[in-house]
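Structure below is query-v7.txt: compact mmCIF, N, CA and C atoms and all ligand atoms.
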# COMPACT_ATOMS: atom_id res chain seq x y z
N MET A 26 -54.94 152.98 38.09
CA MET A 26 -56.01 153.00 37.06
C MET A 26 -56.90 151.79 37.25
N PHE A 27 -58.17 152.03 37.38
CA PHE A 27 -59.15 150.96 37.59
C PHE A 27 -59.59 150.42 36.23
N ASP A 28 -59.48 149.11 36.07
CA ASP A 28 -59.84 148.45 34.82
C ASP A 28 -61.36 148.45 34.63
N LYS A 29 -61.80 148.99 33.49
CA LYS A 29 -63.25 149.10 33.25
C LYS A 29 -63.93 147.73 33.15
N LEU A 30 -63.12 146.67 32.95
CA LEU A 30 -63.72 145.33 32.84
C LEU A 30 -64.06 144.77 34.22
N THR A 31 -63.50 145.38 35.27
CA THR A 31 -63.77 144.93 36.64
C THR A 31 -64.99 145.67 37.17
N THR A 32 -65.82 144.94 37.94
CA THR A 32 -67.02 145.58 38.50
C THR A 32 -66.63 146.52 39.64
N LEU A 33 -67.25 147.68 39.62
CA LEU A 33 -66.96 148.70 40.63
C LEU A 33 -68.08 148.73 41.68
N PRO A 34 -67.75 148.44 42.96
CA PRO A 34 -68.77 148.55 44.00
C PRO A 34 -69.01 150.01 44.38
N ILE A 35 -70.28 150.34 44.55
CA ILE A 35 -70.65 151.67 44.99
C ILE A 35 -71.76 151.51 46.02
N ALA A 36 -71.71 152.33 47.09
CA ALA A 36 -72.70 152.18 48.15
C ALA A 36 -72.89 153.50 48.87
N SER A 37 -74.02 153.62 49.53
CA SER A 37 -74.31 154.84 50.29
C SER A 37 -75.26 154.50 51.43
N ASP A 38 -75.41 155.45 52.34
CA ASP A 38 -76.53 155.36 53.28
C ASP A 38 -77.66 156.21 52.68
N HIS A 39 -78.70 156.49 53.46
CA HIS A 39 -79.84 157.27 52.94
C HIS A 39 -79.41 158.67 52.50
N ALA A 40 -78.44 159.25 53.23
CA ALA A 40 -78.01 160.62 52.92
C ALA A 40 -77.19 160.71 51.64
N GLY A 41 -76.65 159.58 51.22
CA GLY A 41 -75.86 159.57 49.98
C GLY A 41 -76.60 158.95 48.82
N PHE A 42 -77.82 158.50 49.09
CA PHE A 42 -78.58 157.75 48.08
C PHE A 42 -78.72 158.50 46.75
N GLU A 43 -79.15 159.75 46.84
CA GLU A 43 -79.40 160.52 45.62
C GLU A 43 -78.13 160.67 44.78
N LEU A 44 -77.03 160.98 45.44
CA LEU A 44 -75.77 161.12 44.70
C LEU A 44 -75.33 159.77 44.13
N LYS A 45 -75.53 158.70 44.89
CA LYS A 45 -75.16 157.37 44.38
C LYS A 45 -75.92 157.06 43.09
N GLU A 46 -77.20 157.34 43.09
CA GLU A 46 -78.01 157.05 41.90
C GLU A 46 -77.50 157.85 40.70
N TYR A 47 -77.13 159.10 40.94
CA TYR A 47 -76.61 159.96 39.87
C TYR A 47 -75.27 159.43 39.36
N LEU A 48 -74.39 159.07 40.29
CA LEU A 48 -73.07 158.56 39.90
C LEU A 48 -73.18 157.26 39.11
N LYS A 49 -74.12 156.41 39.51
CA LYS A 49 -74.30 155.14 38.80
C LYS A 49 -74.58 155.40 37.32
N ILE A 50 -75.44 156.37 37.04
CA ILE A 50 -75.79 156.68 35.65
C ILE A 50 -74.57 157.23 34.91
N LYS A 51 -73.89 158.19 35.55
CA LYS A 51 -72.76 158.86 34.89
C LYS A 51 -71.59 157.90 34.68
N LEU A 52 -71.34 157.03 35.65
CA LEU A 52 -70.22 156.09 35.52
C LEU A 52 -70.54 155.00 34.50
N ALA A 53 -71.80 154.60 34.44
CA ALA A 53 -72.20 153.62 33.42
C ALA A 53 -72.02 154.24 32.03
N GLU A 54 -72.40 155.51 31.91
CA GLU A 54 -72.21 156.22 30.61
C GLU A 54 -70.72 156.29 30.25
N ALA A 55 -69.87 156.35 31.26
CA ALA A 55 -68.42 156.43 31.01
C ALA A 55 -67.81 155.04 30.78
N GLY A 56 -68.64 154.00 30.84
CA GLY A 56 -68.16 152.66 30.49
C GLY A 56 -67.86 151.75 31.67
N TYR A 57 -68.17 152.17 32.87
CA TYR A 57 -67.90 151.33 34.05
C TYR A 57 -69.10 150.43 34.33
N SER A 58 -68.81 149.23 34.82
CA SER A 58 -69.93 148.38 35.26
C SER A 58 -69.95 148.40 36.78
N ILE A 59 -71.12 148.68 37.29
CA ILE A 59 -71.29 149.02 38.70
C ILE A 59 -72.00 147.89 39.43
N ARG A 60 -71.60 147.62 40.68
CA ARG A 60 -72.45 146.80 41.56
C ARG A 60 -72.90 147.68 42.72
N ASP A 61 -74.19 147.82 42.83
CA ASP A 61 -74.79 148.69 43.85
C ASP A 61 -75.05 147.88 45.13
N PHE A 62 -74.39 148.27 46.22
CA PHE A 62 -74.55 147.58 47.51
C PHE A 62 -75.57 148.30 48.41
N GLY A 63 -76.42 149.16 47.86
CA GLY A 63 -77.40 149.88 48.68
C GLY A 63 -76.80 151.17 49.19
N ALA A 64 -77.54 151.97 49.90
CA ALA A 64 -78.94 151.80 50.22
C ALA A 64 -79.79 151.91 48.95
N TYR A 65 -80.99 151.36 49.03
CA TYR A 65 -81.83 151.33 47.84
C TYR A 65 -82.98 152.34 47.90
N SER A 66 -82.95 153.20 48.91
CA SER A 66 -83.96 154.27 49.02
C SER A 66 -83.43 155.30 50.02
N THR A 67 -84.23 156.33 50.27
CA THR A 67 -83.82 157.35 51.25
C THR A 67 -84.29 156.98 52.67
N GLU A 68 -84.76 155.76 52.84
CA GLU A 68 -85.14 155.30 54.18
C GLU A 68 -83.87 155.18 55.04
N SER A 69 -83.97 155.63 56.28
CA SER A 69 -82.79 155.70 57.14
C SER A 69 -82.13 154.33 57.39
N VAL A 70 -80.82 154.30 57.20
CA VAL A 70 -80.02 153.10 57.49
C VAL A 70 -78.77 153.54 58.24
N ASP A 71 -78.03 152.58 58.79
CA ASP A 71 -76.80 152.91 59.52
C ASP A 71 -75.59 152.73 58.59
N TYR A 72 -74.84 153.82 58.39
CA TYR A 72 -73.74 153.77 57.41
C TYR A 72 -72.72 152.65 57.68
N PRO A 73 -72.44 152.26 58.96
CA PRO A 73 -71.44 151.20 59.11
C PRO A 73 -71.90 149.86 58.51
N ASP A 74 -73.20 149.59 58.57
CA ASP A 74 -73.71 148.33 58.00
C ASP A 74 -73.41 148.27 56.50
N ILE A 75 -73.65 149.39 55.84
CA ILE A 75 -73.41 149.46 54.39
C ILE A 75 -71.90 149.41 54.11
N ALA A 76 -71.15 150.19 54.87
CA ALA A 76 -69.70 150.24 54.64
C ALA A 76 -69.08 148.86 54.82
N HIS A 77 -69.45 148.14 55.88
CA HIS A 77 -68.85 146.81 56.12
C HIS A 77 -69.16 145.84 54.98
N SER A 78 -70.36 145.93 54.42
CA SER A 78 -70.72 144.97 53.37
C SER A 78 -69.80 145.13 52.15
N VAL A 79 -69.35 146.33 51.89
CA VAL A 79 -68.44 146.56 50.76
C VAL A 79 -66.98 146.38 51.19
N CYS A 80 -66.63 146.99 52.31
CA CYS A 80 -65.21 147.01 52.73
C CYS A 80 -64.67 145.62 53.00
N SER A 81 -65.48 144.73 53.55
CA SER A 81 -65.00 143.38 53.84
C SER A 81 -64.58 142.71 52.53
N LEU A 82 -65.27 142.99 51.44
CA LEU A 82 -64.94 142.36 50.15
C LEU A 82 -63.70 143.00 49.52
N VAL A 83 -63.57 144.30 49.62
CA VAL A 83 -62.37 144.97 49.08
C VAL A 83 -61.15 144.54 49.91
N ASP A 84 -61.35 144.45 51.21
CA ASP A 84 -60.25 144.04 52.10
C ASP A 84 -59.72 142.65 51.73
N LYS A 85 -60.63 141.76 51.32
CA LYS A 85 -60.24 140.38 50.94
C LYS A 85 -59.72 140.31 49.51
N GLY A 86 -59.79 141.40 48.79
CA GLY A 86 -59.28 141.40 47.41
C GLY A 86 -60.32 141.03 46.37
N GLN A 87 -61.57 140.92 46.79
CA GLN A 87 -62.61 140.55 45.82
C GLN A 87 -62.90 141.68 44.82
N TYR A 88 -62.68 142.90 45.25
CA TYR A 88 -62.78 144.07 44.37
C TYR A 88 -61.56 144.94 44.64
N PRO A 89 -61.03 145.62 43.62
CA PRO A 89 -59.83 146.43 43.84
C PRO A 89 -60.10 147.76 44.55
N CYS A 90 -61.31 148.28 44.41
CA CYS A 90 -61.60 149.57 45.02
C CYS A 90 -63.11 149.77 45.10
N ALA A 91 -63.53 150.85 45.74
CA ALA A 91 -64.98 151.12 45.88
C ALA A 91 -65.21 152.59 46.15
N ILE A 92 -66.44 153.00 45.90
CA ILE A 92 -66.87 154.38 46.20
C ILE A 92 -67.99 154.31 47.23
N LEU A 93 -67.82 155.05 48.33
CA LEU A 93 -68.79 155.05 49.42
C LEU A 93 -69.27 156.48 49.67
N ILE A 94 -70.56 156.63 49.92
CA ILE A 94 -71.14 157.97 50.11
C ILE A 94 -72.05 157.98 51.33
N CYS A 95 -71.85 158.96 52.20
CA CYS A 95 -72.84 159.22 53.26
C CYS A 95 -73.03 160.74 53.31
N GLY A 96 -73.66 161.26 54.34
CA GLY A 96 -73.95 162.68 54.38
C GLY A 96 -72.69 163.53 54.31
N THR A 97 -71.77 163.28 55.22
CA THR A 97 -70.51 164.03 55.23
C THR A 97 -69.36 163.26 54.58
N GLY A 98 -69.55 161.98 54.36
CA GLY A 98 -68.48 161.11 53.87
C GLY A 98 -67.62 160.58 55.01
N ASN A 99 -67.72 161.18 56.17
CA ASN A 99 -66.82 160.81 57.26
C ASN A 99 -67.15 159.46 57.91
N GLY A 100 -68.42 159.16 58.08
CA GLY A 100 -68.79 157.88 58.70
C GLY A 100 -68.29 156.72 57.86
N MET A 101 -68.48 156.82 56.56
CA MET A 101 -68.01 155.76 55.64
C MET A 101 -66.48 155.66 55.72
N CYS A 102 -65.83 156.81 55.75
CA CYS A 102 -64.37 156.85 55.74
C CYS A 102 -63.79 156.24 57.03
N MET A 103 -64.39 156.61 58.15
CA MET A 103 -63.92 156.07 59.44
C MET A 103 -64.08 154.56 59.48
N THR A 104 -65.20 154.07 58.98
CA THR A 104 -65.44 152.62 58.99
C THR A 104 -64.45 151.92 58.06
N ALA A 105 -64.30 152.42 56.86
CA ALA A 105 -63.40 151.78 55.89
C ALA A 105 -61.97 151.72 56.40
N ASN A 106 -61.55 152.77 57.09
CA ASN A 106 -60.15 152.81 57.55
C ASN A 106 -59.86 151.90 58.74
N LYS A 107 -60.86 151.18 59.23
CA LYS A 107 -60.64 150.13 60.25
C LYS A 107 -60.06 148.87 59.62
N TYR A 108 -60.17 148.74 58.31
CA TYR A 108 -59.71 147.52 57.63
C TYR A 108 -58.22 147.63 57.30
N HIS A 109 -57.52 146.54 57.57
CA HIS A 109 -56.06 146.53 57.41
C HIS A 109 -55.61 146.89 55.98
N ASN A 110 -56.31 146.34 55.00
CA ASN A 110 -55.86 146.54 53.61
C ASN A 110 -56.50 147.73 52.91
N LEU A 111 -57.27 148.50 53.65
CA LEU A 111 -57.96 149.62 53.00
C LEU A 111 -57.35 150.97 53.38
N ARG A 112 -57.31 151.84 52.39
CA ARG A 112 -56.97 153.24 52.63
C ARG A 112 -58.08 154.06 52.00
N ALA A 113 -58.88 154.68 52.85
CA ALA A 113 -60.03 155.46 52.37
C ALA A 113 -59.74 156.94 52.50
N GLY A 114 -60.11 157.70 51.48
CA GLY A 114 -59.92 159.14 51.50
C GLY A 114 -61.23 159.86 51.26
N LEU A 115 -61.43 160.93 52.02
CA LEU A 115 -62.62 161.76 51.88
C LEU A 115 -62.34 162.84 50.82
N CYS A 116 -63.21 162.93 49.83
CA CYS A 116 -62.97 163.85 48.71
C CYS A 116 -64.11 164.84 48.54
N TRP A 117 -63.76 166.08 48.35
CA TRP A 117 -64.76 167.10 48.03
C TRP A 117 -64.34 167.94 46.83
N SER A 118 -63.22 167.60 46.23
CA SER A 118 -62.83 168.26 44.99
C SER A 118 -62.07 167.26 44.13
N ASN A 119 -62.10 167.53 42.84
CA ASN A 119 -61.43 166.69 41.86
C ASN A 119 -59.94 166.53 42.16
N GLU A 120 -59.33 167.61 42.58
CA GLU A 120 -57.88 167.57 42.84
C GLU A 120 -57.57 166.63 44.01
N ILE A 121 -58.41 166.68 45.03
CA ILE A 121 -58.20 165.78 46.18
C ILE A 121 -58.39 164.32 45.76
N ALA A 122 -59.37 164.09 44.90
CA ALA A 122 -59.62 162.72 44.42
C ALA A 122 -58.39 162.18 43.69
N GLU A 123 -57.76 163.04 42.90
CA GLU A 123 -56.56 162.64 42.18
C GLU A 123 -55.42 162.34 43.17
N LEU A 124 -55.32 163.19 44.19
CA LEU A 124 -54.21 163.05 45.14
C LEU A 124 -54.35 161.86 46.07
N ILE A 125 -55.58 161.45 46.38
CA ILE A 125 -55.70 160.25 47.25
C ILE A 125 -55.23 159.01 46.50
N ARG A 126 -55.24 159.05 45.17
CA ARG A 126 -54.66 157.95 44.39
C ARG A 126 -53.15 158.16 44.25
N LYS A 127 -52.76 159.34 43.80
CA LYS A 127 -51.34 159.58 43.48
C LYS A 127 -50.45 159.50 44.71
N HIS A 128 -50.90 160.04 45.83
CA HIS A 128 -50.05 160.11 47.02
C HIS A 128 -50.39 159.06 48.08
N ASN A 129 -51.65 158.70 48.20
CA ASN A 129 -52.07 157.80 49.30
C ASN A 129 -52.43 156.40 48.83
N ASP A 130 -52.40 156.17 47.54
CA ASP A 130 -52.80 154.87 46.97
C ASP A 130 -54.14 154.41 47.58
N ALA A 131 -55.07 155.33 47.67
CA ALA A 131 -56.38 155.00 48.27
C ALA A 131 -57.11 153.98 47.40
N ASN A 132 -57.75 153.03 48.07
CA ASN A 132 -58.58 152.08 47.32
C ASN A 132 -60.07 152.27 47.63
N ILE A 133 -60.36 153.24 48.51
CA ILE A 133 -61.75 153.60 48.78
C ILE A 133 -61.86 155.13 48.68
N MET A 134 -62.82 155.60 47.90
CA MET A 134 -63.10 157.03 47.88
C MET A 134 -64.43 157.28 48.57
N CYS A 135 -64.42 158.21 49.52
CA CYS A 135 -65.65 158.58 50.25
C CYS A 135 -66.08 159.97 49.82
N LEU A 136 -67.37 160.12 49.59
CA LEU A 136 -67.91 161.41 49.14
C LEU A 136 -68.98 161.91 50.12
N PRO A 137 -69.03 163.23 50.34
CA PRO A 137 -70.05 163.81 51.22
C PRO A 137 -71.30 164.18 50.42
N GLY A 138 -72.26 163.26 50.38
CA GLY A 138 -73.45 163.44 49.54
C GLY A 138 -74.19 164.73 49.78
N ARG A 139 -74.18 165.20 51.02
CA ARG A 139 -74.91 166.44 51.34
C ARG A 139 -74.11 167.71 51.11
N TYR A 140 -72.83 167.57 50.80
CA TYR A 140 -71.96 168.75 50.74
C TYR A 140 -71.10 168.81 49.49
N ILE A 141 -71.52 168.14 48.44
CA ILE A 141 -70.74 168.21 47.20
C ILE A 141 -71.69 168.37 46.03
N ASP A 142 -71.25 169.18 45.09
CA ASP A 142 -72.00 169.36 43.84
C ASP A 142 -71.91 168.04 43.05
N LYS A 143 -73.02 167.67 42.43
CA LYS A 143 -73.08 166.38 41.71
C LYS A 143 -72.02 166.28 40.62
N GLU A 144 -71.83 167.37 39.88
CA GLU A 144 -70.86 167.30 38.78
C GLU A 144 -69.43 167.19 39.31
N GLU A 145 -69.17 167.85 40.45
CA GLU A 145 -67.84 167.73 41.06
C GLU A 145 -67.64 166.28 41.52
N ALA A 146 -68.70 165.67 42.02
CA ALA A 146 -68.61 164.27 42.47
C ALA A 146 -68.30 163.34 41.30
N VAL A 147 -68.86 163.61 40.14
CA VAL A 147 -68.56 162.79 38.96
C VAL A 147 -67.09 162.95 38.59
N LYS A 148 -66.61 164.20 38.62
CA LYS A 148 -65.19 164.46 38.32
C LYS A 148 -64.30 163.72 39.32
N CYS A 149 -64.69 163.77 40.60
CA CYS A 149 -63.92 163.07 41.65
C CYS A 149 -63.85 161.58 41.32
N ALA A 150 -64.99 160.99 40.98
CA ALA A 150 -65.03 159.55 40.72
C ALA A 150 -64.13 159.20 39.54
N LEU A 151 -64.21 159.98 38.47
CA LEU A 151 -63.41 159.67 37.28
C LEU A 151 -61.91 159.83 37.57
N SER A 152 -61.56 160.83 38.37
CA SER A 152 -60.15 161.00 38.73
C SER A 152 -59.68 159.85 39.61
N PHE A 153 -60.50 159.49 40.58
CA PHE A 153 -60.15 158.37 41.47
C PHE A 153 -59.93 157.08 40.66
N LEU A 154 -60.74 156.88 39.66
CA LEU A 154 -60.68 155.63 38.89
C LEU A 154 -59.57 155.62 37.85
N THR A 155 -59.03 156.79 37.52
CA THR A 155 -58.02 156.81 36.45
C THR A 155 -56.62 157.20 36.93
N ALA A 156 -56.51 157.91 38.04
CA ALA A 156 -55.18 158.36 38.50
C ALA A 156 -54.36 157.16 39.01
N GLU A 157 -53.06 157.27 38.87
CA GLU A 157 -52.16 156.19 39.28
C GLU A 157 -51.37 156.59 40.54
N PHE A 158 -51.09 155.63 41.39
CA PHE A 158 -50.22 155.85 42.54
C PHE A 158 -48.81 156.18 42.03
N GLU A 159 -48.21 157.21 42.60
CA GLU A 159 -46.89 157.65 42.13
C GLU A 159 -45.74 156.86 42.75
N GLY A 160 -46.00 156.15 43.85
CA GLY A 160 -44.93 155.37 44.48
C GLY A 160 -43.85 156.28 45.04
N GLY A 161 -42.59 155.82 44.98
CA GLY A 161 -41.46 156.62 45.46
C GLY A 161 -41.60 156.98 46.92
N ARG A 162 -41.45 158.26 47.25
CA ARG A 162 -41.52 158.67 48.65
C ARG A 162 -42.88 158.37 49.26
N HIS A 163 -43.92 158.31 48.43
CA HIS A 163 -45.27 158.03 48.94
C HIS A 163 -45.42 156.56 49.36
N GLU A 164 -44.68 155.69 48.71
CA GLU A 164 -44.70 154.26 49.06
C GLU A 164 -44.21 154.09 50.51
N LYS A 165 -43.08 154.72 50.81
CA LYS A 165 -42.50 154.66 52.15
C LYS A 165 -43.51 155.17 53.19
N ARG A 166 -44.23 156.23 52.85
CA ARG A 166 -45.17 156.84 53.80
C ARG A 166 -46.39 155.96 54.04
N ILE A 167 -46.95 155.42 52.97
CA ILE A 167 -48.16 154.60 53.21
C ILE A 167 -47.82 153.32 53.97
N ARG A 168 -46.56 152.85 53.83
CA ARG A 168 -46.15 151.66 54.59
C ARG A 168 -46.10 151.95 56.09
N LYS A 169 -45.99 153.23 56.45
CA LYS A 169 -45.92 153.60 57.88
C LYS A 169 -47.31 153.77 58.50
N ILE A 170 -48.37 153.66 57.72
CA ILE A 170 -49.72 153.89 58.24
C ILE A 170 -50.20 152.79 59.20
N PRO A 171 -50.07 151.50 58.85
CA PRO A 171 -50.63 150.46 59.74
C PRO A 171 -49.97 150.41 61.11
N LEU A 172 -50.77 150.07 62.13
CA LEU A 172 -50.23 149.99 63.50
C LEU A 172 -49.45 148.70 63.71
N VAL A 173 -49.82 147.64 63.00
CA VAL A 173 -49.07 146.37 63.14
C VAL A 173 -48.65 145.84 61.79
C1 LIG A 201 -76.89 160.56 58.44
O1 LIG A 201 -77.78 161.51 58.93
C2 LIG A 201 -75.45 161.04 58.60
O2 LIG A 201 -75.10 161.09 59.94
C3 LIG A 201 -74.50 160.15 57.82
O3 LIG A 201 -74.90 160.13 56.50
C4 LIG A 201 -73.05 160.55 57.78
O4 LIG A 201 -72.89 161.91 57.50
C5 LIG A 201 -72.21 160.09 58.87
O5 LIG A 201 -71.00 160.27 58.88
Can you turn what I pasted into structure tokens?
Amino acid sequence: MFDKLTTLPIASDHAGFELKEYLKIKLAEAGYSIRDFGAYSTESVDYPDIAHSVCSLVDKGQYPCAILICGTGNGMCMTANKYHNLRAGLCWSNEIAELIRKHNDANIMCLPGRYIDKEEAVKCALSFLTAEFEGGRHEKRIRKIPLV
């Protein structure tokens, strides 16, 4: 469960910009305080540049989690999963968003801005921010993910 008193980083590339702007409004209405790491328009940018600016901070523990959006969600997800302390999951349904928390203890949620309905994306974000890691057998499994 993400504490509403903590600032939530959210970021996108140009392809995720529109959804990011929508999520910012909906999450603020739900009581979350957001820090927007860009992109700040639909002008073309490179998703790894945006992903690194957020992921490096989550990796260091400066923020507990973040939401990243690009066209398919995959570029953001691939970049985030290069970080030792990050587990990023790609979500296209509310149920998957819940499961990346419950089973994978994900601290980054990636959304496909071009391939998800806006309302489903809001549901995904709220599930990601409120679901709890179940631990148990899932703890053992996530410990096996890192290569070193
Ligand atoms: C941008 O056109 C697109 O390639 C990017 O948003 C993303 O889908 C990459 O994974």
Please, which residues in chain A fall within 6.5 Å of ligand LIG 201 (chain A) when counting only N, CA and C atoms and all ligand atoms, and what is the closest atom pair and distance in Å to one decimal for each, ordered by chain then residue number, as CSV?
residue,atom,partner,partner_atom,distance
A:Asp38,CA,A:LIG201,O3,6.0
A:His39,N,A:LIG201,O3,6.1
A:Ala40,CA,A:LIG201,O3,4.8
A:Gly41,N,A:LIG201,O3,5.6
A:Tyr72,N,A:LIG201,C3,6.4
A:Ile94,C,A:LIG201,O3,6.3
A:Cys95,C,A:LIG201,O3,3.7
A:Gly96,N,A:LIG201,O3,2.7
A:Thr97,N,A:LIG201,O4,2.9
A:Gly98,N,A:LIG201,O4,4.6
A:Asn99,C,A:LIG201,O5,4.1
A:Gly100,N,A:LIG201,O5,2.9
A:Met101,N,A:LIG201,O5,4.9
Among the residues A:Glu120, A:Glu46, A:Asp61, A:Asp130, the one that comes closest to A:Phe158 [using all atoms listed in the file]
A:Asp130
List every residue of stretch 26-169 of chain A that DSSP, applied to the backbone of this structure, places in strand (DSSP E), and write the result as an MDAnalysis selection string.
chainID A and resid 33:37 59:61 91:95 113:115 133:137
For the residues in that selection, give me N, CA and C atoms as an mmCIF file, in the frame of the given file.
data_model
loop_
_atom_site.group_PDB
_atom_site.id
_atom_site.type_symbol
_atom_site.label_atom_id
_atom_site.label_comp_id
_atom_site.auth_asym_id
_atom_site.auth_seq_id
_atom_site.Cartn_x
_atom_site.Cartn_y
_atom_site.Cartn_z
ATOM 1 N N LEU A 33 -67.250 147.680 39.620
ATOM 2 C CA LEU A 33 -66.960 148.700 40.630
ATOM 3 C C LEU A 33 -68.080 148.730 41.680
ATOM 4 N N PRO A 34 -67.750 148.440 42.960
ATOM 5 C CA PRO A 34 -68.770 148.550 44.000
ATOM 6 C C PRO A 34 -69.010 150.010 44.380
ATOM 7 N N ILE A 35 -70.280 150.340 44.550
ATOM 8 C CA ILE A 35 -70.650 151.670 44.990
ATOM 9 C C ILE A 35 -71.760 151.510 46.020
ATOM 10 N N ALA A 36 -71.710 152.330 47.090
ATOM 11 C CA ALA A 36 -72.700 152.180 48.150
ATOM 12 C C ALA A 36 -72.890 153.500 48.870
ATOM 13 N N SER A 37 -74.020 153.620 49.530
ATOM 14 C CA SER A 37 -74.310 154.840 50.290
ATOM 15 C C SER A 37 -75.260 154.500 51.430
ATOM 16 N N ILE A 59 -71.120 148.680 37.290
ATOM 17 C CA ILE A 59 -71.290 149.020 38.700
ATOM 18 C C ILE A 59 -72.000 147.890 39.430
ATOM 19 N N ARG A 60 -71.600 147.620 40.680
ATOM 20 C CA ARG A 60 -72.450 146.800 41.560
ATOM 21 C C ARG A 60 -72.900 147.680 42.720
ATOM 22 N N ASP A 61 -74.190 147.820 42.830
ATOM 23 C CA ASP A 61 -74.790 148.690 43.850
ATOM 24 C C ASP A 61 -75.050 147.880 45.130
ATOM 25 N N ALA A 91 -63.530 150.850 45.740
ATOM 26 C CA ALA A 91 -64.980 151.120 45.880
ATOM 27 C C ALA A 91 -65.210 152.590 46.150
ATOM 28 N N ILE A 92 -66.440 153.000 45.900
ATOM 29 C CA ILE A 92 -66.870 154.380 46.200
ATOM 30 C C ILE A 92 -67.990 154.310 47.230
ATOM 31 N N LEU A 93 -67.820 155.050 48.330
ATOM 32 C CA LEU A 93 -68.790 155.050 49.420
ATOM 33 C C LEU A 93 -69.270 156.480 49.670
ATOM 34 N N ILE A 94 -70.560 156.630 49.920
ATOM 35 C CA ILE A 94 -71.140 157.970 50.110
ATOM 36 C C ILE A 94 -72.050 157.980 51.330
ATOM 37 N N CYS A 95 -71.850 158.960 52.200
ATOM 38 C CA CYS A 95 -72.840 159.220 53.260
ATOM 39 C C CYS A 95 -73.030 160.740 53.310
ATOM 40 N N ALA A 113 -58.880 154.680 52.850
ATOM 41 C CA ALA A 113 -60.030 155.460 52.370
ATOM 42 C C ALA A 113 -59.740 156.940 52.500
ATOM 43 N N GLY A 114 -60.110 157.700 51.480
ATOM 44 C CA GLY A 114 -59.920 159.140 51.500
ATOM 45 C C GLY A 114 -61.230 159.860 51.260
ATOM 46 N N LEU A 115 -61.430 160.930 52.020
ATOM 47 C CA LEU A 115 -62.620 161.760 51.880
ATOM 48 C C LEU A 115 -62.340 162.840 50.820
ATOM 49 N N ILE A 133 -60.360 153.240 48.510
ATOM 50 C CA ILE A 133 -61.750 153.600 48.780
ATOM 51 C C ILE A 133 -61.860 155.130 48.680
ATOM 52 N N MET A 134 -62.820 155.600 47.900
ATOM 53 C CA MET A 134 -63.100 157.030 47.880
ATOM 54 C C MET A 134 -64.430 157.280 48.570
ATOM 55 N N CYS A 135 -64.420 158.210 49.520
ATOM 56 C CA CYS A 135 -65.650 158.580 50.250
ATOM 57 C C CYS A 135 -66.080 159.970 49.820
ATOM 58 N N LEU A 136 -67.370 160.120 49.590
ATOM 59 C CA LEU A 136 -67.910 161.410 49.140
ATOM 60 C C LEU A 136 -68.980 161.910 50.120
ATOM 61 N N PRO A 137 -69.030 163.230 50.340
ATOM 62 C CA PRO A 137 -70.050 163.810 51.220
ATOM 63 C C PRO A 137 -71.300 164.180 50.420
#
Write out as number ranges by chain each polymer residue whose atoms come within 6.5 Å of A:Glu145, counting only N, CA and C atoms; drop sequence neighbours fewer than 6 positions from it.
A: 117-119
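Counting all atoms listed in the file, the residue from A:Ile59, A:Cys116, A:Val70, A:Ala76 that sits nearest to A:Leu136 is A:Cys116.
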Skipping near chain neighbours, those fewer than 2 positions away, what residues fall within 7 Å of A:Leu111 using only C-alpha atoms, listed as an MDAnalysis selection string?
chainID A and resid 84 105:106 108:109 113 132:133
Can you tell me, as number ranges by chain, which residues in chain A count as helix (DSSP H, G or I) by DSSP?
A: 39-54, 72-84, 99-105, 119-127, 143-155, 162-168
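Of note, atom N of A:Ala150 and atom C of A:Arg162 are spaced 23.8 Å apart.
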Atom C of A:Phe153 and atom C of A:Met134 are how many Å apart?
9.1 Å
Atomic separation - atom N of A:Ala122 relative to atom CA of A:His163, Å:
15.9 Å
Check the smallest atom-to-atom distance from each of A:Ile35, A:Cys90, A:Leu52, A:Ala156 to A:Ile125 using all atoms listed in the file, then report the winner.
A:Ala156
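Using all atoms listed in the file, the smallest distance between any of A:Ile75, A:Ala53, A:Ala91, A:Ile167 and A:Asn129 comes from A:Ile167.
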